[in-house]
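To keep things clear, I will list the structure first and then write my remarks on it.
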Amino acid sequence: MIWGQDAKKEDKPKSKDEPKKKDEPKKDGLKKDDPKKAAPKAEEKPKPPPPPYPGWELDKLNTPVELKQGTPMSGCWFDPSGKWLFTTGIDSFIYRWELANNKKTELAGHGSWVRSLGFFPAKNLMVSAGYEGRLILWPIDGVQPEPLRQVEAHEGWIRSIAVDAPTGNLVSTGNDGRIALWSLPDLKPIRSWVGHDCHVYQVAFAQGGKEILSADLKGTIKVWESASGQLLREGKPAAALHKYDAGFAADIGGVRHWALSAKGDQLACAGISNVSNAFAGVGNPLIVVTDPATLKSKKLYKPKDAIQGTMWGVAFHPAGFLIGAAGGNGGGLWYWKPEQGDSLRYHKLPDNARGMALSPDGTRLALAFAGGSARIYPLKA
Amino acid sequence: MMKTTGCGRAIHGLSRRSFLGGMAAAVAGSGSLGSGAAFAGDLAAKHKRVLMVFLAGGVSQLETWDPKPGAITGGPFRAIATSAPGVHISELLPYTARQMHHLALVRGLNTAEDDHGKGSYIMHTGRPQEPAIEYPHLGSVCSKLLCPEGSPLPGYLHVTPGGGGGSSPADAAYLGPRFAPVNIGEGRAPQNIDRPGSLTAEADRMRQELRRKADERFLATRRAARTEAYTQTWDQAKGLMDKKGLFDITTEPDRLAAGYGKHDFGRHCLLARRLLEGDATFVKITHTNYDTHHENFDFHIEQLGEFDRSFATLVDDLHQRGLLSSTLILVASEFGRTPNVNHLYGRDHWSKAWSVALGGCGIVGGSVAGKTNGKGTEVVDRQVNGGHLFHTYFKALGLDSTKNFFVEQRPIPIADPKTEPIKEILA
């Protein structure tokens with residue numbers, strides 16, 4: 001059975017084999033809506049509807065592979081080959097997991113937490129970004145990868161980086177408010193600029209590397225021309241992910257994770273919404289999807305399940321469904337059909353999710369948990 | 001505890017406030033019992049002032065005064081060198097780091113109380129709550145012991161991040177409402193500080209003169225603590241009206257105001273400096289909020305980003321104006337925060353091992369007392385509590401912290417007699 005409850009309710013197809021004839025008396029002489037009608041026999045039940053995404057079994061979490069890092073995790077990333085999973089946590093290491101045998105290798109080089117990774121597959125390289133403001137270039141493979149190059153890139157935390165694989169450009173942003181463009185593999189600065197009035201939380205490339213997207217604490221998204229750093233357009237489609245809590249005199253929220261669809265026509269922003277107590281994290285996970293071409297349209301994907309916390313991960317699956325993972329007063333994983341707001345399926349997770357990654361071929365979903373382990377769930381039955 | 005006057009009758013504070021109304025209510029009060037004579041020598045000394053910065057909610061010691069970079073409990077921030085050789089604090093306080101030679105750290109604080117209200121009580125009174133007695137807040141004690149007789153400013157001014165004006169009489173406990181804080185809500189001048197527009201200056205002068213003569217006639221035959229307090233309240237209200245310019249920070253140079261910051265806390269720090277310079281005795285500023293059970297690190301970036309530059313500018317400004325040597329600075333909170341990072345990237349309440357900062361009057365700048373272990377979970381050297389802090393405050397201000405208040409002939413030590421000053425940081 002692969003239908004979620006919501007899908008059953010909204011999308012139940014009629015059986016071609018047994019066309020319904022509403023007013024036609026049945027053989028027992030009772031109409032369909034007659035309260036005295038007999039209960040349908042088991043063999044008369046309509047057949048299960050076809051799966052919304054054939055081949056993808058979403059109704060259960062398949063037995064995962066568990067990787068124990070030992071320290072609370074903060075994120076996870078598959079490398080482009082799908083051979084490795086990288087995880088980070090509340091220490092200064094990067095943990096590389098060889099998925100064929102689950103072997104762990106610790107990569108040392110940062111002086112603080114590592115919050116973002118990017119990959120340059122043409123050279124089989126990886127770039128890591130630390131909260132001390134440093135970018136480090138690493139080989140992906142090898143028995144014990146060592147830093148190849150590093151640069152003090154930002155004052156304060158680097159919150160997000162992204163690599164445009166074809167051009168080898170890297171974009172980064174940090175607590176100094178700057179958005180910076182770098183070339184790989186030399187990690188040479190190209191240009192940088194300041195364009196937000198609050199902390200910038202995410203950056204990404206779009207339109208084949210011609211554009212850079214940035215998103216901030218207040219849910220503002222800006223689109224920049226990569227070649228010049230000029231602002232092309234801006235909007236606040238993700239404003240629902242921000243709140244100023246007057247009681248605590250502080251801002252809460254921001255775009256904590258995001259994903260761009262394969263066609264580049266949908267941008268999914270994840271975070272926390274409906275916050276009633278900022279300092280206790282009382283709010284609801286939320287995904288806002290907008291069109292990066294206009295930054296005007298928006299569709300909200302809000303779990304109706306009783307979960308408080310932040311949506312720490314979002315991804316577009318190649319088959320067309322949207323995935324979100326959250327942590328707060330428990331962990332949750334949701335699948336959505338893009339055209340409907342209610343989730344297709346909800347899974348309670350064994351721990352608070354803090355990061356999520358989809359393997360390049362879409363067959364594995366990695367979740368990083370606050371308890372110190374990652375789990376890799378096969379998505380295909 | 002019932003507040004009494006010299007005549008032995010209970011104060012009818014409410015009816016007095018109702019009578020005085022508005023701003024006068026903020027400074028209303030009555031004389032309280034106390035051993036004024038015991039402090040006569042202290043009062044003769046140079047006017048000492050106190051600046052208390054209260055970081056409401058419980059600021060993290062690991063993100064401020066006692067960083068543990070590299071420890072699993074240390075969080076993502078680095079420690080930075082300061083102007084005090086060998087003293088490192090969190091990188092979230094770069095401006096304060098440049099003023100560290102004026103400040104001292106107490107890193108061995110164990111107040112053993114993780115409740116907000118009870119923790120706040122300890123840090124404001126120097127003692128845990130007791131069922132049989134309410135102790136006065138530090139500001140009220142300083143108001144009584146340090147505020148010059150006839151001062152036009154109330155002895156205890158509290159600049160709050162929200163709310164209106166008024167007073168908090170309970171804070172003065174047995175000292176009486178005269179020594180209670182006058183709240184400066186959002187840094188605005190007390191209510192009704194302006195002479196009503198319908199009243200000319202001459203009419204106001206004549207009105208005050210009539211009141212004064214009536215008071216004198218009444219006091220000639222019926223002098224009592226209550227009647228004296230009544231007169232004192234009017235006089236102080238009048239003095240406060242004459243000093244209303246102190247509350248107008250717009251007269252400050254733009255460059256200096258920009259250094260303090262245009263946000264509320266920056267404006268409040270600038271106001272505090274003006275009040276201290278105007279001879280206020282005890283000024284408390286509250287900065288909110290640090291109760292970061294969720295997203296501790298992001299919230300500390302935001303809150304300390306406000307605190308750091310404003311506070312450092314205030315310390316430097318006091319120093320530049322020659323006020324620092326007579327102004328005791330203390331930065332306190334209800335408690336610290338857990339070394340352990342919880343599942344919400346938060347830190348919870350932690351009173352077993354945390355820190356406060358002091359500075360200025362009577363304090364050895366750049367000194368450090370106490371030490372916590374590598375993870376910051378326990379004090380391993382020179383453990384102290386709120387009582388030690390109060391002895392230290394009083395000693396730094398030149399007061400004898402072993403003396404007593406007398407309430408209905410009962411001696412009540414002004415600081416917990418089971419503790420003593422932290423001599424390592426005292427000049």
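The chains in the structure tokens are called A, B, ... from first to last as shown; in each chain the residues are counted from 1, and the ligands are counted from 1 in the order shown.
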Review point. Which parts of region 41-203 of chain B does DSSP call strand (DSSP E) when run on the backbone here, written out as JSON, numbers by chain?
Key: {"B": [49, 50, 51, 52, 53, 54, 55, 56, 79, 80, 81, 88, 89, 90, 103, 104, 105, 106, 107, 108, 109, 156, 157, 158, 159, 160, 182, 183, 184, 185]}
Exercise for review: Extract, using only C-alpha atoms, all DNA, RNA and protein residues at most 10 Å from Ala319 (chain A), discarding same-chain residues fewer than 3 positions from it, and format them as a VMD selection string.
Suggested key: chain A and resid 52 to 56 316 322 362
Those same residues - C-alpha atoms - I'd like them written as a compact mmCIF listing (two decimals), in the first residue's frame.
```txt
# COMPACT_ATOMS: atom_id res chain seq x y z
CA PRO A 52 1.56 8.69 -7.59
CA TYR A 53 5.20 8.09 -8.29
CA PRO A 54 5.55 4.59 -9.73
CA GLY A 55 8.45 2.67 -8.35
CA TRP A 56 8.89 4.85 -5.28
CA PHE A 316 13.04 17.91 -5.00
CA LEU A 322 8.99 17.20 -2.59
CA GLY A 362 17.48 9.75 -5.98
```
Exercise for review: Could the residues of chain B within 6 Å of chain A, counting only C-alpha atoms, be given as a PyMOL selection string, please?
Suggested key: chain B and resi 76+289+292-294+343
Dump as a PDB file, in the first residue's frame, selection limited to N, CA and C atoms:
```pdb
ATOM      1  N   PRO B  76      30.476  27.145  18.641  1.00  0.00           N
ATOM      2  CA  PRO B  76      31.234  27.423  17.419  1.00  0.00           C
ATOM      3  C   PRO B  76      32.135  28.648  17.487  1.00  0.00           C
ATOM      4  N   ASN B 289      16.752  39.533  25.185  1.00  0.00           N
ATOM      5  CA  ASN B 289      16.624  38.457  26.147  1.00  0.00           C
ATOM      6  C   ASN B 289      17.611  37.363  25.783  1.00  0.00           C
ATOM      7  N   THR B 292      18.046  31.348  25.863  1.00  0.00           N
ATOM      8  CA  THR B 292      18.201  30.736  24.547  1.00  0.00           C
ATOM      9  C   THR B 292      18.188  29.208  24.589  1.00  0.00           C
ATOM     10  N   HIS B 293      17.045  28.658  24.939  1.00  0.00           N
ATOM     11  CA  HIS B 293      16.891  27.193  24.895  1.00  0.00           C
ATOM     12  C   HIS B 293      16.924  26.690  23.451  1.00  0.00           C
ATOM     13  N   HIS B 294      16.720  27.573  22.556  1.00  0.00           N
ATOM     14  CA  HIS B 294      16.627  27.249  21.124  1.00  0.00           C
ATOM     15  C   HIS B 294      17.539  28.216  20.375  1.00  0.00           C
ATOM     16  N   HIS B 343      19.210  19.602  21.790  1.00  0.00           N
ATOM     17  CA  HIS B 343      18.822  19.185  20.438  1.00  0.00           C
ATOM     18  C   HIS B 343      18.251  20.320  19.592  1.00  0.00           C
TER      19      HIS B 343
END
```
Point to revise | Exercise: Gln202 (chain A) partners within 10 Å, only C-alpha atoms, chain neighbours under 6 positions left out, as an MDAnalysis selection string | key: chainID A and resid 116 158:162 171:174 179 213:217 221 254:258 269
Practice item. Find the residues around Gly355 (chain A) up to 6 Å (only C-alpha atoms counted), leave out those fewer than 2 positions away in its own chain, and share them as a list in words. Key: Gly75, Cys76, Trp312, Gly313, Ala353, Leu367 and Ala368 of chain A
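Between CA of Tyr290 (chain B) and CA of Gly163 (chain B) lies a distance of 18.4 Å.
Relative to CA of Asn169 (chain A), CA of Leu181 (chain A) is found at 6.9 Å.
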Practice item. Record the distance separating CA of His47 (chain B) and CA of Ala280 (chain B), expressed in Å with one decimal. Key: 9.5 Å
Practice item. Compile the contact shell of region 314-320 of chain B as a PyMOL selection string: residues with an atom at most 10 Å away, counting only C-alpha atoms, same-chain residues fewer than 2 positions apart removed. Key: chain B and resi 51+96+98-100+102-103+256+259-260+266+269-274+276-277+308-312+322-327+329+359-360
Practice item. Could you give me, as a list in words, the residues within 10 Å of Val163 (chain A), counting only C-alpha atoms and dropping anything in the same chain fewer than 5 positions from it? Key: Leu117, Gly118, Phe119, Phe120, Pro121, Met126, Val127, Gly168, Asn169, Leu170, Val171, Ser172, Leu181, Trp182, Ser183, Leu184, Val203, Ala204, Phe205 and Gly209 of chain A
Could those residues be written to a file, using C-alpha atoms, as a PDB file, in the first residue's frame?
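What follows is the written file again.pdb:
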```pdb
ATOM      1  CA  LEU A 117      30.000  21.722   1.765  1.00  0.00           C
ATOM      2  CA  GLY A 118      30.244  22.054  -1.993  1.00  0.00           C
ATOM      3  CA  PHE A 119      31.595  19.690  -4.655  1.00  0.00           C
ATOM      4  CA  PHE A 120      33.613  20.247  -7.828  1.00  0.00           C
ATOM      5  CA  PRO A 121      33.285  16.900  -9.593  1.00  0.00           C
ATOM      6  CA  MET A 126      35.294  19.339  -2.191  1.00  0.00           C
ATOM      7  CA  VAL A 127      35.128  22.714  -0.465  1.00  0.00           C
ATOM      8  CA  GLY A 168      34.115  25.937 -11.299  1.00  0.00           C
ATOM      9  CA  ASN A 169      32.869  29.056  -9.540  1.00  0.00           C
ATOM     10  CA  LEU A 170      32.045  28.983  -5.872  1.00  0.00           C
ATOM     11  CA  VAL A 171      29.796  31.397  -4.020  1.00  0.00           C
ATOM     12  CA  SER A 172      29.894  31.859  -0.263  1.00  0.00           C
ATOM     13  CA  LEU A 181      32.487  34.671  -5.624  1.00  0.00           C
ATOM     14  CA  TRP A 182      35.577  32.480  -5.900  1.00  0.00           C
ATOM     15  CA  SER A 183      37.220  30.446  -8.612  1.00  0.00           C
ATOM     16  CA  LEU A 184      38.065  26.776  -8.192  1.00  0.00           C
ATOM     17  CA  VAL A 203      23.422  31.081  -1.528  1.00  0.00           C
ATOM     18  CA  ALA A 204      23.037  29.044  -4.715  1.00  0.00           C
ATOM     19  CA  PHE A 205      23.693  29.223  -8.429  1.00  0.00           C
ATOM     20  CA  GLY A 209      25.591  29.641 -13.249  1.00  0.00           C
TER      21      GLY A 209
END
```
Report as a compact mmCIF listing (two decimals) with N, CA and C atoms, in the first residue's frame: the residues of region 196-380 of chain B with a DSSP assignment of alpha helix (DSSP H), based on the backbone of this structure.
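The resulting out_25.txt:
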```txt
# COMPACT_ATOMS: atom_id res chain seq x y z
N ALA B 201 5.01 79.42 34.48
CA ALA B 201 6.13 79.22 35.40
C ALA B 201 5.88 79.97 36.70
N GLU B 202 5.36 81.14 36.59
CA GLU B 202 5.13 81.95 37.79
C GLU B 202 4.03 81.31 38.65
N ALA B 203 3.00 80.83 38.00
CA ALA B 203 1.92 80.19 38.76
C ALA B 203 2.44 78.93 39.44
N ASP B 204 3.33 78.22 38.74
CA ASP B 204 3.89 77.01 39.33
C ASP B 204 4.77 77.37 40.53
N ARG B 205 5.55 78.44 40.37
CA ARG B 205 6.41 78.85 41.48
C ARG B 205 5.57 79.21 42.71
N MET B 206 4.51 79.93 42.45
CA MET B 206 3.64 80.36 43.56
C MET B 206 2.97 79.14 44.20
N ARG B 207 2.61 78.17 43.36
CA ARG B 207 1.97 76.96 43.89
C ARG B 207 2.93 76.19 44.79
N GLN B 208 4.18 76.07 44.32
CA GLN B 208 5.19 75.36 45.11
C GLN B 208 5.46 76.11 46.43
N GLU B 209 5.45 77.42 46.34
CA GLU B 209 5.73 78.20 47.54
C GLU B 209 4.61 78.03 48.58
N LEU B 210 3.40 77.99 48.06
CA LEU B 210 2.27 77.78 48.96
C LEU B 210 2.37 76.41 49.63
N ARG B 211 2.73 75.40 48.82
CA ARG B 211 2.88 74.07 49.40
C ARG B 211 3.98 74.06 50.45
N ARG B 212 5.10 74.73 50.14
CA ARG B 212 6.22 74.72 51.07
C ARG B 212 5.83 75.35 52.41
N LYS B 213 5.12 76.47 52.34
CA LYS B 213 4.73 77.14 53.58
C LYS B 213 3.75 76.29 54.38
N ALA B 214 2.85 75.64 53.68
CA ALA B 214 1.89 74.78 54.37
C ALA B 214 2.61 73.61 55.03
N ASP B 215 3.61 73.06 54.30
CA ASP B 215 4.37 71.96 54.88
C ASP B 215 5.11 72.41 56.14
N GLU B 216 5.74 73.56 56.03
CA GLU B 216 6.52 74.05 57.17
C GLU B 216 5.64 74.25 58.40
N ARG B 217 4.47 74.78 58.15
CA ARG B 217 3.55 75.02 59.27
C ARG B 217 3.12 73.70 59.90
N PHE B 218 2.85 72.75 59.02
CA PHE B 218 2.40 71.44 59.51
C PHE B 218 3.54 70.73 60.25
N LEU B 219 4.75 70.78 59.65
CA LEU B 219 5.89 70.07 60.24
C LEU B 219 6.31 70.68 61.57
N ALA B 220 6.00 71.96 61.76
CA ALA B 220 6.42 72.63 63.00
C ALA B 220 5.79 71.97 64.21
N THR B 221 4.65 71.37 64.01
CA THR B 221 3.96 70.79 65.16
C THR B 221 3.76 69.29 65.04
N ARG B 222 3.87 68.74 63.84
CA ARG B 222 3.55 67.31 63.67
C ARG B 222 4.63 66.60 62.85
N ALA B 225 8.15 60.77 60.32
CA ALA B 225 8.78 60.21 59.12
C ALA B 225 7.87 60.35 57.92
N ARG B 226 6.59 60.12 58.12
CA ARG B 226 5.66 60.18 56.99
C ARG B 226 5.58 61.59 56.42
N THR B 227 5.49 62.55 57.30
CA THR B 227 5.36 63.92 56.80
C THR B 227 6.66 64.38 56.16
N GLU B 228 7.77 63.95 56.70
CA GLU B 228 9.05 64.31 56.08
C GLU B 228 9.17 63.66 54.71
N ALA B 229 8.73 62.42 54.63
CA ALA B 229 8.79 61.72 53.35
C ALA B 229 7.90 62.40 52.33
N TYR B 230 6.77 62.89 52.80
CA TYR B 230 5.86 63.59 51.90
C TYR B 230 6.55 64.80 51.29
N THR B 231 7.20 65.55 52.15
CA THR B 231 7.91 66.73 51.67
C THR B 231 9.07 66.34 50.77
N GLN B 232 9.78 65.30 51.18
CA GLN B 232 10.94 64.85 50.39
C GLN B 232 10.50 64.43 48.99
N THR B 233 9.36 63.77 48.92
CA THR B 233 8.86 63.30 47.64
C THR B 233 8.57 64.46 46.70
N TRP B 234 7.91 65.47 47.24
CA TRP B 234 7.62 66.65 46.42
C TRP B 234 8.91 67.32 45.97
N ASP B 235 9.82 67.46 46.90
CA ASP B 235 11.08 68.13 46.56
C ASP B 235 11.84 67.36 45.49
N GLN B 236 11.84 66.02 45.63
CA GLN B 236 12.57 65.22 44.65
C GLN B 236 11.89 65.27 43.28
N ALA B 237 10.57 65.28 43.30
CA ALA B 237 9.84 65.39 42.04
C ALA B 237 10.17 66.72 41.36
N LYS B 238 10.23 67.77 42.16
CA LYS B 238 10.57 69.08 41.61
C LYS B 238 12.00 69.07 41.06
N GLY B 239 12.89 68.43 41.82
CA GLY B 239 14.28 68.35 41.36
C GLY B 239 14.40 67.56 40.07
N LEU B 240 13.61 66.51 39.97
CA LEU B 240 13.64 65.68 38.77
C LEU B 240 13.12 66.46 37.57
N MET B 241 12.10 67.28 37.81
CA MET B 241 11.59 68.11 36.71
C MET B 241 12.68 69.08 36.24
N ASP B 242 13.41 69.60 37.19
CA ASP B 242 14.49 70.53 36.82
C ASP B 242 15.61 69.82 36.06
N ASP B 254 26.30 63.40 17.28
CA ASP B 254 25.87 62.27 16.44
C ASP B 254 26.90 61.14 16.44
N ARG B 255 28.16 61.52 16.38
CA ARG B 255 29.20 60.50 16.29
C ARG B 255 29.22 59.63 17.55
N LEU B 256 29.06 60.28 18.69
CA LEU B 256 29.06 59.52 19.94
C LEU B 256 27.81 58.64 20.02
N ALA B 257 26.68 59.22 19.64
CA ALA B 257 25.43 58.44 19.67
C ALA B 257 25.53 57.24 18.73
N ALA B 258 26.17 57.44 17.59
CA ALA B 258 26.34 56.33 16.65
C ALA B 258 27.22 55.24 17.25
N GLY B 259 28.20 55.64 18.02
CA GLY B 259 29.06 54.67 18.68
C GLY B 259 28.29 53.81 19.67
N TYR B 260 27.37 54.41 20.36
CA TYR B 260 26.52 53.66 21.29
C TYR B 260 25.56 52.74 20.53
N ASP B 264 17.66 50.24 20.78
CA ASP B 264 17.19 50.58 22.13
C ASP B 264 18.30 50.47 23.17
N PHE B 265 19.04 49.36 23.13
CA PHE B 265 20.06 49.19 24.17
C PHE B 265 21.14 50.26 24.05
N GLY B 266 21.49 50.62 22.83
CA GLY B 266 22.47 51.68 22.64
C GLY B 266 21.98 53.00 23.23
N ARG B 267 20.72 53.31 22.96
CA ARG B 267 20.16 54.55 23.51
C ARG B 267 20.10 54.50 25.02
N HIS B 268 19.80 53.31 25.54
CA HIS B 268 19.70 53.19 27.00
C HIS B 268 21.07 53.33 27.66
N CYS B 269 22.09 52.82 26.99
CA CYS B 269 23.45 52.98 27.54
C CYS B 269 23.85 54.46 27.54
N LEU B 270 23.50 55.13 26.48
CA LEU B 270 23.83 56.56 26.41
C LEU B 270 23.07 57.32 27.49
N LEU B 271 21.82 56.97 27.69
CA LEU B 271 21.05 57.60 28.76
C LEU B 271 21.68 57.31 30.11
N ALA B 272 22.14 56.08 30.30
CA ALA B 272 22.77 55.72 31.57
C ALA B 272 23.99 56.60 31.83
N ARG B 273 24.76 56.82 30.80
CA ARG B 273 25.94 57.67 31.01
C ARG B 273 25.54 59.08 31.40
N ARG B 274 24.50 59.60 30.75
CA ARG B 274 24.04 60.95 31.09
C ARG B 274 23.54 61.00 32.53
N LEU B 275 22.83 59.96 32.95
CA LEU B 275 22.31 59.94 34.31
C LEU B 275 23.45 59.84 35.33
N LEU B 276 24.42 58.99 35.03
CA LEU B 276 25.56 58.85 35.95
C LEU B 276 26.36 60.15 36.01
N GLU B 277 26.50 60.75 34.85
CA GLU B 277 27.23 62.02 34.81
C GLU B 277 26.44 63.10 35.55
N ASN B 296 20.70 28.93 20.49
CA ASN B 296 21.52 29.73 21.39
C ASN B 296 22.55 30.59 20.65
N PHE B 297 23.14 30.02 19.64
CA PHE B 297 24.28 30.69 19.00
C PHE B 297 23.84 31.85 18.11
N ASP B 298 22.79 31.61 17.33
CA ASP B 298 22.27 32.70 16.51
C ASP B 298 21.75 33.83 17.38
N PHE B 299 21.05 33.47 18.44
CA PHE B 299 20.50 34.52 19.30
C PHE B 299 21.60 35.28 20.04
N HIS B 300 22.67 34.58 20.43
CA HIS B 300 23.76 35.31 21.09
C HIS B 300 24.50 36.22 20.12
N ILE B 301 24.59 35.81 18.86
CA ILE B 301 25.16 36.73 17.87
C ILE B 301 24.34 38.01 17.84
N GLU B 302 23.03 37.83 17.79
CA GLU B 302 22.16 38.99 17.66
C GLU B 302 22.17 39.85 18.93
N GLN B 303 21.99 39.22 20.08
CA GLN B 303 21.88 40.00 21.32
C GLN B 303 23.22 40.60 21.72
N LEU B 304 24.27 39.79 21.65
CA LEU B 304 25.58 40.32 22.05
C LEU B 304 26.11 41.32 21.02
N GLY B 305 25.63 41.19 19.79
CA GLY B 305 25.98 42.19 18.79
C GLY B 305 25.50 43.57 19.20
N GLU B 306 24.36 43.62 19.86
CA GLU B 306 23.87 44.89 20.41
C GLU B 306 24.64 45.26 21.67
N PHE B 307 24.76 44.28 22.56
CA PHE B 307 25.38 44.57 23.86
C PHE B 307 26.81 45.05 23.71
N ASP B 308 27.59 44.35 22.92
CA ASP B 308 29.04 44.53 22.91
C ASP B 308 29.46 45.97 22.63
N ARG B 309 29.05 46.48 21.51
CA ARG B 309 29.55 47.80 21.15
C ARG B 309 28.99 48.89 22.07
N SER B 310 27.73 48.75 22.42
CA SER B 310 27.11 49.76 23.29
C SER B 310 27.76 49.76 24.66
N PHE B 311 27.93 48.58 25.21
CA PHE B 311 28.52 48.47 26.54
C PHE B 311 29.97 48.97 26.53
N ALA B 312 30.72 48.55 25.52
CA ALA B 312 32.12 48.97 25.44
C ALA B 312 32.23 50.48 25.28
N THR B 313 31.33 51.06 24.50
CA THR B 313 31.34 52.52 24.32
C THR B 313 31.02 53.21 25.64
N LEU B 314 30.10 52.62 26.38
CA LEU B 314 29.73 53.20 27.68
C LEU B 314 30.92 53.16 28.65
N VAL B 315 31.60 52.03 28.71
CA VAL B 315 32.76 51.92 29.60
C VAL B 315 33.81 52.95 29.21
N ASP B 316 34.06 53.05 27.93
CA ASP B 316 35.09 53.98 27.46
C ASP B 316 34.66 55.42 27.71
N ASP B 317 33.39 55.70 27.50
CA ASP B 317 32.88 57.05 27.70
C ASP B 317 33.00 57.47 29.17
N LEU B 318 32.66 56.54 30.06
CA LEU B 318 32.79 56.83 31.49
C LEU B 318 34.25 57.09 31.84
N HIS B 319 35.12 56.29 31.23
CA HIS B 319 36.55 56.47 31.49
C HIS B 319 37.03 57.82 30.98
N GLN B 320 36.63 58.17 29.75
CA GLN B 320 37.07 59.43 29.15
C GLN B 320 36.60 60.63 29.97
```
Review point. From the set B:Ala332, B:Ala81, B:Ile133, B:Leu62, which residue has the shortest atom-to-atom contact distance to Gly119 (chain B), counting only C-alpha atoms?
Key: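 Closest to Gly119 (chain B), using only C-alpha atoms: B:Ala332.
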**Study point:** Ile422 (chain B) environment, 12 Å, only C-alpha atoms, sequence neighbours closer than 5 positions dropped, as a ChimeraX atom specification
**Key:** /B:104-109,358,362-364,367-370,382-396,427
